[in-house]
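Asks: My structure file my_file33.pdb, PDB, C-alpha atoms, is below:
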ATOM      1  CA  MET A  85       0.000   0.000   0.000
ATOM      2  CA  LYS A  86       1.327   3.408  -0.944
ATOM      3  CA  ILE A  87      -0.256   6.815  -0.395
ATOM      4  CA  PHE A  88       1.121   9.821  -2.258
ATOM      5  CA  PHE A  89       0.404  13.357  -1.071
ATOM      6  CA  MET A  90       1.246  16.577  -2.870
ATOM      7  CA  GLU A  91       0.364  20.232  -2.417
ATOM      8  CA  VAL A  92      -0.233  22.151  -5.650
ATOM      9  CA  SER A  93       0.151  25.875  -6.297
ATOM     10  CA  GLU A  94      -2.543  27.958  -7.966
ATOM     11  CA  LYS A  95      -0.170  29.214 -10.648
ATOM     12  CA  GLU A  96      -0.075  27.526 -14.056
ATOM     13  CA  ASN A  97       2.990  27.672 -16.312
ATOM     14  CA  ASN A  98       4.212  26.359 -19.663
ATOM     15  CA  LYS A  99       5.761  23.311 -18.002
ATOM     16  CA  THR A 100       2.342  22.288 -16.712
ATOM     17  CA  ASN A 101       0.797  22.732 -20.153
ATOM     18  CA  ASN A 102       3.535  20.567 -21.687
ATOM     19  CA  LEU A 103       2.492  17.686 -19.436
ATOM     20  CA  LEU A 104      -0.901  17.500 -21.131
ATOM     21  CA  LYS A 105       0.660  15.555 -23.980
ATOM     22  CA  LEU A 106       1.211  12.642 -21.566
ATOM     23  CA  VAL A 107      -2.525  11.925 -21.263
ATOM     24  CA  SER A 108      -5.023  10.862 -23.920
ATOM     25  CA  GLU A 109      -6.432  13.380 -26.393
ATOM     26  CA  LYS A 110      -9.900  12.925 -24.925
ATOM     27  CA  ARG A 111      -8.537  13.656 -21.473
ATOM     28  CA  GLN A 112      -6.682  16.701 -22.759
ATOM     29  CA  GLU A 113      -9.921  18.076 -24.143
ATOM     30  CA  THR A 114     -11.626  17.591 -20.795
ATOM     31  CA  LEU A 115      -8.804  19.244 -18.875
ATOM     32  CA  ARG A 116      -8.678  22.233 -21.184
ATOM     33  CA  ARG A 117     -12.357  22.907 -20.479
ATOM     34  CA  TYR A 118     -11.682  23.413 -16.773
ATOM     35  CA  ARG A 119     -12.364  27.004 -15.821
ATOM     36  CA  PHE A 120      -9.646  27.346 -13.185
ATOM     37  CA  PRO A 121      -5.981  26.368 -13.667
ATOM     38  CA  ILE A 122      -5.769  24.831 -10.188
ATOM     39  CA  ASP A 123      -8.537  22.329 -11.014
ATOM     40  CA  ARG A 124      -6.766  21.369 -14.234
ATOM     41  CA  LYS A 125      -3.484  20.893 -12.382
ATOM     42  CA  LEU A 126      -4.991  18.800  -9.582
ATOM     43  CA  SER A 127      -6.687  16.444 -12.013
ATOM     44  CA  LEU A 128      -3.711  16.235 -14.386
ATOM     45  CA  TYR A 129      -1.118  15.642 -11.672
ATOM     46  CA  ALA A 130      -3.201  12.905 -10.052
ATOM     47  CA  GLU A 131      -3.456  11.038 -13.353
ATOM     48  CA  LEU A 132       0.264  11.453 -13.993
ATOM     49  CA  LEU A 133       0.999   9.877 -10.608
ATOM     50  CA  VAL A 134      -1.127   6.888 -11.574
ATOM     51  CA  ARG A 135       0.594   6.619 -14.943
ATOM     52  CA  LYS A 136       4.069   6.774 -13.410
ATOM     53  CA  GLN A 137       3.237   3.995 -10.953
ATOM     54  CA  ALA A 138       1.675   1.870 -13.672
ATOM     55  CA  MET A 139       4.735   2.247 -15.862
ATOM     56  CA  ARG A 140       7.037   1.355 -12.986
ATOM     57  CA  LEU A 141       5.069  -1.546 -11.496
ATOM     58  CA  LEU A 142       3.406  -3.014 -14.594
ATOM     59  CA  GLY A 143       6.185  -2.371 -17.100
ATOM     60  CA  LEU A 144       3.836  -0.498 -19.410
ATOM     61  CA  ASN A 145       4.696   2.292 -21.778
ATOM     62  CA  ASN A 146       2.654   5.434 -21.230
ATOM     63  CA  ASP A 147       0.695   4.964 -24.459
ATOM     64  CA  GLU A 148      -0.232   1.407 -23.412
ATOM     65  CA  ILE A 149      -2.148   2.608 -20.363
ATOM     66  CA  LYS A 150      -5.888   2.487 -20.977
ATOM     67  CA  PHE A 151      -8.360   3.584 -18.321
ATOM     68  CA  GLY A 152     -11.840   2.261 -17.760
ATOM     69  CA  THR A 153     -14.517   2.845 -15.114
ATOM     70  CA  ASN A 154     -16.960   0.632 -13.267
ATOM     71  CA  GLU A 155     -20.714   1.249 -13.255
ATOM     72  CA  TYR A 156     -20.228   3.888 -10.545
ATOM     73  CA  CYS A 157     -17.393   5.617 -12.458
ATOM     74  CA  LYS A 158     -14.571   4.290 -10.273
ATOM     75  CA  PRO A 159     -11.489   4.246 -12.545
ATOM     76  CA  PHE A 160      -9.175   1.313 -13.208
ATOM     77  CA  ILE A 161      -6.495   0.337 -15.715
ATOM     78  CA  GLN A 162      -7.849  -2.102 -18.257
ATOM     79  CA  GLY A 163      -6.350  -5.601 -18.102
ATOM     80  CA  HIS A 164      -4.609  -5.122 -14.763
ATOM     81  CA  THR A 165      -7.019  -5.943 -11.965
ATOM     82  CA  GLN A 166      -4.132  -6.480  -9.537
ATOM     83  CA  PHE A 167      -3.217  -2.797  -9.866
ATOM     84  CA  GLN A 168      -5.702  -0.875  -7.762
ATOM     85  CA  PHE A 169      -5.654   2.871  -7.241
ATOM     86  CA  ASN A 170      -7.845   5.701  -6.117
ATOM     87  CA  ILE A 171      -7.594   9.477  -6.396
ATOM     88  CA  SER A 172      -8.831  12.368  -4.301
ATOM     89  CA  HIS A 173      -8.165  16.072  -4.405
ATOM     90  CA  THR A 174      -9.227  19.109  -2.483
ATOM     91  CA  ARG A 175      -8.266  22.712  -3.010
ATOM     92  CA  ASN A 176      -4.463  22.806  -3.467
ATOM     93  CA  ALA A 177      -3.681  19.177  -2.608
ATOM     94  CA  ILE A 178      -4.036  15.661  -3.976
ATOM     95  CA  ALA A 179      -3.837  12.162  -2.507
ATOM     96  CA  VAL A 180      -3.437   8.999  -4.581
ATOM     97  CA  ALA A 181      -3.559   5.514  -3.066
ATOM     98  CA  PHE A 182      -2.189   2.303  -4.612
ATOM     99  CA  SER A 183      -2.765  -1.278  -3.558
ATOM    100  CA  SER A 184      -3.076  -4.813  -4.876
ATOM    101  CA  HIS A 185      -6.553  -4.841  -3.278
ATOM    102  CA  GLU A 186      -9.585  -2.585  -3.605
ATOM    103  CA  VAL A 187      -8.776   0.813  -2.181
ATOM    104  CA  GLY A 188     -10.438   4.171  -1.589
ATOM    105  CA  VAL A 189      -8.942   7.470  -0.468
ATOM    106  CA  ASP A 190     -10.241  10.911   0.446
ATOM    107  CA  ILE A 191      -8.479  14.141   1.358
ATOM    108  CA  GLU A 192     -10.025  17.250   2.877
ATOM    109  CA  ARG A 193      -8.718  20.505   4.272
ATOM    110  CA  ILE A 194      -9.810  21.185   7.844
ATOM    111  CA  ASN A 195     -12.143  24.173   7.848
ATOM    112  CA  PRO A 196     -14.996  25.112  10.181
ATOM    113  CA  PRO A 197     -17.722  22.657   9.092
ATOM    114  CA  ASP A 198     -21.484  22.840   9.058
ATOM    115  CA  TYR A 199     -22.480  20.408  11.808
ATOM    116  CA  GLN A 200     -25.964  20.158  10.338
ATOM    117  CA  ILE A 201     -24.309  17.987   7.683
ATOM    118  CA  SER A 202     -23.169  15.441  10.239
ATOM    119  CA  LYS A 203     -26.537  15.564  11.967
ATOM    120  CA  GLN A 204     -28.381  14.930   8.708
ATOM    121  CA  PHE A 205     -26.055  12.549   6.863
ATOM    122  CA  PHE A 206     -23.929  10.779   9.499
ATOM    123  CA  THR A 207     -25.084   8.128  11.939
ATOM    124  CA  PHE A 208     -26.148   9.009  15.473
ATOM    125  CA  PHE A 209     -22.897   7.589  16.880
ATOM    126  CA  GLU A 210     -20.714   9.410  14.347
ATOM    127  CA  HIS A 211     -22.443  12.727  15.019
ATOM    128  CA  ASN A 212     -22.078  12.309  18.788
ATOM    129  CA  TYR A 213     -18.419  11.346  18.359
ATOM    130  CA  ILE A 214     -17.813  14.638  16.534
ATOM    131  CA  LEU A 215     -19.646  16.848  19.028
ATOM    132  CA  SER A 216     -17.971  15.232  22.053
ATOM    133  CA  HIS A 217     -14.457  15.346  20.563
ATOM    134  CA  LYS A 218     -11.927  17.809  21.998
ATOM    135  CA  ASN A 219     -11.401  19.036  18.426
ATOM    136  CA  PRO A 220     -14.792  18.697  16.707
ATOM    137  CA  ASN A 221     -13.606  20.333  13.467
ATOM    138  CA  ARG A 222     -10.924  17.678  13.071
ATOM    139  CA  ALA A 223     -13.334  14.918  14.104
ATOM    140  CA  PHE A 224     -15.847  16.040  11.483
ATOM    141  CA  TYR A 225     -13.301  15.648   8.682
ATOM    142  CA  GLU A 226     -12.039  12.387  10.142
ATOM    143  CA  ILE A 227     -15.535  10.912   9.796
ATOM    144  CA  TRP A 228     -16.202  12.608   6.455
ATOM    145  CA  THR A 229     -12.999  11.364   4.815
ATOM    146  CA  LYS A 230     -13.415   7.871   6.214
ATOM    147  CA  LYS A 231     -16.965   7.632   4.880
ATOM    148  CA  GLU A 232     -15.868   8.825   1.429
ATOM    149  CA  ALA A 233     -12.867   6.476   1.426
ATOM    150  CA  TYR A 234     -15.087   3.528   2.340
ATOM    151  CA  THR A 235     -17.651   4.161  -0.405
ATOM    152  CA  LYS A 236     -14.842   4.588  -2.940
ATOM    153  CA  CYS A 237     -13.166   1.379  -1.765
ATOM    154  CA  ILE A 238     -16.302  -0.709  -2.220
ATOM    155  CA  GLY A 239     -16.805   0.952  -5.601
ATOM    156  CA  THR A 240     -20.184   2.599  -5.099
ATOM    157  CA  GLY A 241     -19.107   6.139  -4.344
ATOM    158  CA  LEU A 242     -21.754   8.388  -2.840
ATOM    159  CA  THR A 243     -24.579   6.408  -4.412
ATOM    160  CA  LYS A 244     -24.449   4.535  -1.096
ATOM    161  CA  PRO A 245     -26.277   6.649   1.523
ATOM    162  CA  LEU A 246     -23.805   7.970   4.098
ATOM    163  CA  LYS A 247     -26.180   7.197   6.953
ATOM    164  CA  SER A 248     -26.428   3.526   5.972
ATOM    165  CA  PHE A 249     -23.072   2.591   7.521
ATOM    166  CA  ASP A 250     -20.951   3.635  10.499
ATOM    167  CA  VAL A 251     -17.179   4.026  10.110
ATOM    168  CA  LEU A 252     -16.795   3.737  13.901
ATOM    169  CA  ASN A 253     -18.134   0.189  13.682
ATOM    170  CA  THR A 254     -15.289  -2.295  14.206
ATOM    171  CA  GLU A 255     -16.085  -4.172  11.014
ATOM    172  CA  ILE A 256     -15.338  -1.035   8.990
ATOM    173  CA  SER A 257     -12.911   0.827  11.256
ATOM    174  CA  THR A 258     -10.339  -1.974  11.000
ATOM    175  CA  LEU A 259     -10.144  -1.307   7.246
ATOM    176  CA  MET A 260      -9.415   2.388   7.819
ATOM    177  CA  TYR A 261      -6.183   4.333   8.074
ATOM    178  CA  MET A 262      -5.717   8.049   8.509
ATOM    179  CA  TYR A 263      -2.937  10.592   8.129
ATOM    180  CA  GLU A 264      -2.973  14.190   9.250
ATOM    181  CA  ILE A 265      -0.509  16.512   7.563
ATOM    182  CA  GLY A 266      -0.622  20.241   8.097
ATOM    183  CA  GLU A 267      -4.206  21.378   7.561
ATOM    184  CA  TYR A 268      -5.191  18.242   5.660
ATOM    185  CA  ILE A 269      -6.703  14.939   6.722
ATOM    186  CA  ILE A 270      -6.279  11.919   4.466
ATOM    187  CA  SER A 271      -8.215   8.708   5.069
ATOM    188  CA  TYR A 272      -7.955   5.531   3.068
ATOM    189  CA  CYS A 273      -9.739   2.223   3.183
ATOM    190  CA  SER A 274      -8.520  -1.124   1.925
ATOM    191  CA  ASN A 275      -9.107  -4.795   2.579
ATOM    192  CA  GLU A 276      -5.372  -5.316   2.135
ATOM    193  CA  PRO A 277      -3.936  -7.579   4.872
ATOM    194  CA  THR A 278      -2.677  -5.592   7.869
ATOM    195  CA  THR A 279       0.691  -7.348   7.516
ATOM    196  CA  GLU A 280       1.336  -5.431   4.283
ATOM    197  CA  GLU A 281       3.684  -2.462   4.534
ATOM    198  CA  HIS A 282       2.040   0.956   4.278
ATOM    199  CA  SER A 283       4.035   3.886   2.939
ATOM    200  CA  PHE A 284       3.105   7.562   3.065
ATOM    201  CA  ILE A 285       5.047   9.543   0.480
ATOM    202  CA  ILE A 286       5.138  13.328   0.220
ATOM    203  CA  LEU A 287       5.897  14.664  -3.248
ATOM    204  CA  THR A 288       6.661  18.156  -4.446
ATOM    205  CA  GLU A 289       5.181  19.765  -7.515
ATOM    206  CA  ASP A 290       8.666  19.937  -9.038
ATOM    207  CA  GLU A 291       8.847  16.135  -9.041
ATOM    208  CA  ILE A 292       5.726  15.964 -11.201
ATOM    209  CA  LEU A 293       6.992  18.723 -13.498
ATOM    210  CA  GLN A 294       9.953  16.492 -14.293
ATOM    211  CA  SER A 295       7.624  13.816 -15.711
ATOM    212  CA  ASP A 296       8.131  14.842 -19.310
TER     213      ASP A 296
END
Now, as a test, write the supplied structure out as structure tokens.

Replies:
Amino acid sequence: MKIFFMEVSEKENNKTNNLLKLVSEKRQETLRRYRFPIDRKLSLYAELLVRKQAMRLLGLNNDEIKFGTNEYCKPFIQGHTQFQFNISHTRNAIAVAFSSHEVGVDIERINPPDYQISKQFFTFFEHNYILSHKNPNRAFYEIWTKKEAYTKCIGTGLTKPLKSFDVLNTEISTLMYMYEIGEYIISYCSNEPTTEEHSFIILTEDEILQSD
């Protein structure tokens, strides 16, 4: 299991634009339609991380990498079911998780939340956990990211009602891992055996800009 984290600046430059040639033409068209440069960069960099790992671990050339999606739009690389990945980004940061098992990841920046969200969409126990925590803002995003990571791991995404499962339940909580770095919380979920090594890797934007 590997988790990559990277902060991304708002500024776009020619080097970033040059990296577009590393993704498919269809993807380039989609990225160019993004209104804000930061959104284009977040999405592009996350895909480039996946491509770099696929090339390294699967021995593929970049042009041999073909993406598909399941019925809930969870992406995968065609023909390589043993290579599992998941992507998440929030304003100015991305997280990408890799595993040989199903995996889901979510990243959020800690900001003052609307606790009506947890009251309406989280379970009774999750909501009480947040309100009784010494740092309820942090606890809110702990639960939020874990719920997103779980739904992404099982492949349904948010089509599964958030109130229909409890991430504090032992059956689910044992599949969860969480990192806190700066103002970000990253949670990931995987049914990978706990004996497997887990690595958390911090990348810089310059490392991605060297991809071409």

Asks: Which residue is closest to Lys110 of chain A? Choose from A:Lys95, A:Arg135, A:Lys150, A:Lys125 and count all atoms listed in the file.

Replies: A:Lys150

Asks: With a distance cut-off of 6 Å and all atoms listed in the file, select the neighbouring residues of Gly152 of chain A, excluding the residue or stretch itself and same-chain residues fewer than 5 positions from it, and output the selection as a ChimeraX atom specification.

Replies: /A:159-160,162

Asks: Name the residues that the PyMOL selection byres ((chain A and resi 187-201) around 6) pulls out of this structure, and write them as a tab-separated table (two decimals) with C-alpha atoms, keeping the file's coordinate frame.

Replies:
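That gives us selection10.tsv:
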chain	number	residue	atom	x	y	z
A	170	ASN	CA	-7.84	5.70	-6.12
A	172	SER	CA	-8.83	12.37	-4.30
A	174	THR	CA	-9.23	19.11	-2.48
A	186	GLU	CA	-9.59	-2.58	-3.60
A	202	SER	CA	-23.17	15.44	10.24
A	203	LYS	CA	-26.54	15.56	11.97
A	204	GLN	CA	-28.38	14.93	8.71
A	205	PHE	CA	-26.06	12.55	6.86
A	221	ASN	CA	-13.61	20.33	13.47
A	229	THR	CA	-13.00	11.36	4.82
A	233	ALA	CA	-12.87	6.48	1.43
A	236	LYS	CA	-14.84	4.59	-2.94
A	237	CYS	CA	-13.17	1.38	-1.76
A	267	GLU	CA	-4.21	21.38	7.56
A	268	TYR	CA	-5.19	18.24	5.66
A	269	ILE	CA	-6.70	14.94	6.72
A	270	ILE	CA	-6.28	11.92	4.47
A	271	SER	CA	-8.22	8.71	5.07
A	272	TYR	CA	-7.96	5.53	3.07
A	273	CYS	CA	-9.74	2.22	3.18
A	274	SER	CA	-8.52	-1.12	1.92

Asks: As an exercise, work out the distance from atom CA of Ile161 of chain A to atom CA of Leu144 of chain A in Å and give it to one decimal place.

Replies: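 For atom CA of Ile161 of chain A relative to atom CA of Leu144 of chain A, the distance reads 11.0 Å.
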
Asks: State, in Å with one decimal place, the distance from atom CA of Phe88 of chain A to atom CA of Ala181 of chain A.

Replies: 6.4 Å

Asks: For a quick check of understanding, using all atoms listed in the file, which of A:Leu246, A:Met90, A:Leu103, A:Leu215 has the smallest distance to Ile286 of chain A?

Replies: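 Of the candidates, the smallest distance to Ile286 of chain A is held by A:Met90.
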